[in-house]
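Heads up, the thing below is written out as structure tokens.
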Amino acid sequence: VDGLYSGEFGFGGEESAGASFLRKDGSVWTTDKDGFILALLAAEILAVTGKDPQVHYDALEAKFGRSSYRRIDAPANSAQKAVLSKLDPALVEASTLAGEPILAKLTRAPGNDAAIGGLKVVTENGWFAARPSGTESIYKIYMESFKGEAHLDLIQQEAQQIVAAALAKAGV
């Protein structure tokens, strides 16, 4: 929201299909991420280009490759959620993920050094992020592979092991 109000961001999206945009004059049109704005955007894309938004997405996949994405929930008690939300990346001892060297173990955003409230582990062809739920006794694991579903399955399995090991090392 801060980035939208300052004009630093022109768009903000979330996994539940919500989005926020700026108006043409640079002021914030909405910050509550109502999903209807994406329906309006899809209609405008179709009206302006004559092509369904899926056609545009298919062209991006043809150029850059198809990704596989998933989100799962894993059980976590309040102590585990508290540790995960402020995790020290040094607690992550794994050096590989799904057969690839880990390139980054992030708990802060590279662009502005803001805390991300969890952990993101990155390889050349995939990543996962784990963040505690604010309302349920779970943590959420978001993951993406640029090598297909089998690779994504490995990321999922190992992500849970990496998080469990870090939490155990933290004593929870």
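Order determines the names: the first chain of the structure tokens is A, the second B, and so forth; residues in each chain are numbered 1 upward, and ligands are numbered 1 upward as they are shown.
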
> range 94-104 of chain A: which residues within 10 Å, counting only C-alpha atoms, same-chain residues fewer than 2 positions away excluded, as a ChimeraX atom specification?
Replying inline: /A:89-92,106-107,120-128,145,150-159,161-163,165-166

> Skipping near chain neighbours, those fewer than 2 positions away, what residues fall within 6 Å of range 115-119 of chain A using only C-alpha atoms, listed as an MDAnalysis selection string?
Replying inline: chainID A and resid 84:85 106:108 129:131

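The space between CA of Pro53 in chain A and CA of Ile141 in chain A spans 27.6 Å.
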
>> So the first atom is CA of Thr135 in chain A and the second is CA of Gly18 in chain A; what is the distance between them in Å, to one decimal place?
In response: 19.1 Å

>> Show me, as a list in words, the residues that have an atom within 12 Å of Asn77 in chain A when counting only C-alpha atoms, minus same-chain residues fewer than 6 positions from it.
In response: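 Listed by chain and then number, they are Val83, Leu84, Pro132, Ser133, Gly134, Thr135, Glu136, Ser137, Ile138, Tyr139, Leu167 and Val172 of chain A.
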
Please, could you write that set of residues out with N, CA, C and O atoms as a PDB file, in the first residue's frame?
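Wrote out-v7.pdb, looks like this:
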ATOM      1  N   VAL A  83       9.017 -18.014  15.406  1.00  0.00           N
ATOM      2  CA  VAL A  83      10.405 -18.173  14.942  1.00  0.00           C
ATOM      3  C   VAL A  83      10.476 -17.995  13.431  1.00  0.00           C
ATOM      4  O   VAL A  83      11.352 -17.295  12.910  1.00  0.00           O
ATOM      5  N   LEU A  84       9.552 -18.612  12.696  1.00  0.00           N
ATOM      6  CA  LEU A  84       9.573 -18.515  11.242  1.00  0.00           C
ATOM      7  C   LEU A  84       9.407 -17.083  10.759  1.00  0.00           C
ATOM      8  O   LEU A  84      10.058 -16.663   9.798  1.00  0.00           O
ATOM      9  N   PRO A 132       4.431 -17.763   8.054  1.00  0.00           N
ATOM     10  CA  PRO A 132       3.388 -18.203   8.985  1.00  0.00           C
ATOM     11  C   PRO A 132       2.054 -17.523   8.689  1.00  0.00           C
ATOM     12  O   PRO A 132       2.017 -16.368   8.263  1.00  0.00           O
ATOM     13  N   SER A 133       0.979 -18.261   8.921  1.00  0.00           N
ATOM     14  CA  SER A 133      -0.352 -17.685   8.812  1.00  0.00           C
ATOM     15  C   SER A 133      -0.588 -16.778  10.008  1.00  0.00           C
ATOM     16  O   SER A 133      -0.170 -17.095  11.122  1.00  0.00           O
ATOM     17  N   GLY A 134      -1.277 -15.702   9.785  1.00  0.00           N
ATOM     18  CA  GLY A 134      -1.626 -14.812  10.885  1.00  0.00           C
ATOM     19  C   GLY A 134      -2.870 -15.240  11.626  1.00  0.00           C
ATOM     20  O   GLY A 134      -3.173 -14.715  12.697  1.00  0.00           O
ATOM     21  N   THR A 135      -3.605 -16.196  11.080  1.00  0.00           N
ATOM     22  CA  THR A 135      -4.889 -16.560  11.673  1.00  0.00           C
ATOM     23  C   THR A 135      -5.052 -18.042  11.991  1.00  0.00           C
ATOM     24  O   THR A 135      -5.956 -18.401  12.741  1.00  0.00           O
ATOM     25  N   GLU A 136      -4.201 -18.902  11.408  1.00  0.00           N
ATOM     26  CA  GLU A 136      -4.366 -20.346  11.598  1.00  0.00           C
ATOM     27  C   GLU A 136      -3.081 -20.955  12.142  1.00  0.00           C
ATOM     28  O   GLU A 136      -2.020 -20.349  12.059  1.00  0.00           O
ATOM     29  N   SER A 137      -3.167 -22.163  12.653  1.00  0.00           N
ATOM     30  CA  SER A 137      -2.000 -22.876  13.175  1.00  0.00           C
ATOM     31  C   SER A 137      -1.277 -23.591  12.031  1.00  0.00           C
ATOM     32  O   SER A 137      -1.135 -24.822  12.018  1.00  0.00           O
ATOM     33  N   ILE A 138      -0.828 -22.810  11.071  1.00  0.00           N
ATOM     34  CA  ILE A 138      -0.142 -23.334   9.889  1.00  0.00           C
ATOM     35  C   ILE A 138       0.916 -22.332   9.437  1.00  0.00           C
ATOM     36  O   ILE A 138       0.920 -21.173   9.857  1.00  0.00           O
ATOM     37  N   TYR A 139       1.803 -22.823   8.583  1.00  0.00           N
ATOM     38  CA  TYR A 139       2.599 -21.916   7.766  1.00  0.00           C
ATOM     39  C   TYR A 139       2.342 -22.283   6.326  1.00  0.00           C
ATOM     40  O   TYR A 139       1.965 -23.414   6.008  1.00  0.00           O
ATOM     41  N   LEU A 167      13.592 -24.847  12.053  1.00  0.00           N
ATOM     42  CA  LEU A 167      12.813 -24.656  13.298  1.00  0.00           C
ATOM     43  C   LEU A 167      13.386 -25.505  14.426  1.00  0.00           C
ATOM     44  O   LEU A 167      13.479 -25.053  15.564  1.00  0.00           O
ATOM     45  N   VAL A 172      12.445 -25.038  18.387  1.00  0.00           N
ATOM     46  CA  VAL A 172      10.971 -25.148  18.440  1.00  0.00           C
ATOM     47  C   VAL A 172      10.479 -26.252  17.525  1.00  0.00           C
ATOM     48  O   VAL A 172      11.097 -26.664  16.612  1.00  0.00           O
TER      49      VAL A 172
END

>> Excluding Gly10 in chain A and its own-chain neighbours fewer than 3 positions away, which residues fall within 7 Å of it when counting only C-alpha atoms? Please give them as a list in words.
In response: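 The residues that qualify are Leu4, Gly7, Phe21 and Leu22 of chain A.
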
File of the preceding selection, C-alpha atoms, as a JSON list (two decimals), in the first residue's frame:
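Wrote result.json, looks like this:
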[["chain", "number", "residue", "atom", "x", "y", "z"],
["A", 4, "LEU", "CA", 1.03, 2.57, -4.29],
["A", 7, "GLY", "CA", 3.58, 6.18, -6.77],
["A", 21, "PHE", "CA", -3.66, -0.18, -9.36],
["A", 22, "LEU", "CA", -2.91, 3.49, -9.73]]

>> Report, in Å with one decimal, the straight-line distance from CA of Lys140 in chain A to CA of Lys86 in chain A.
In response: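 Separation of CA of Lys140 in chain A and CA of Lys86 in chain A: 14.8 Å.
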
>> DSSP on the backbone: which residues in range 118-166 of chain A end up as strand (DSSP E or B)? Give the answer as an MDAnalysis selection string.
In response: chainID A and resid 118:123 126:132 138:145

> Which residue gives the smallest distance to Ser27 in chain A among A:Phe11, A:Asp73, A:Gln80, A:Gly171, with only C-alpha atoms counted?
Replying inline: A:Phe11
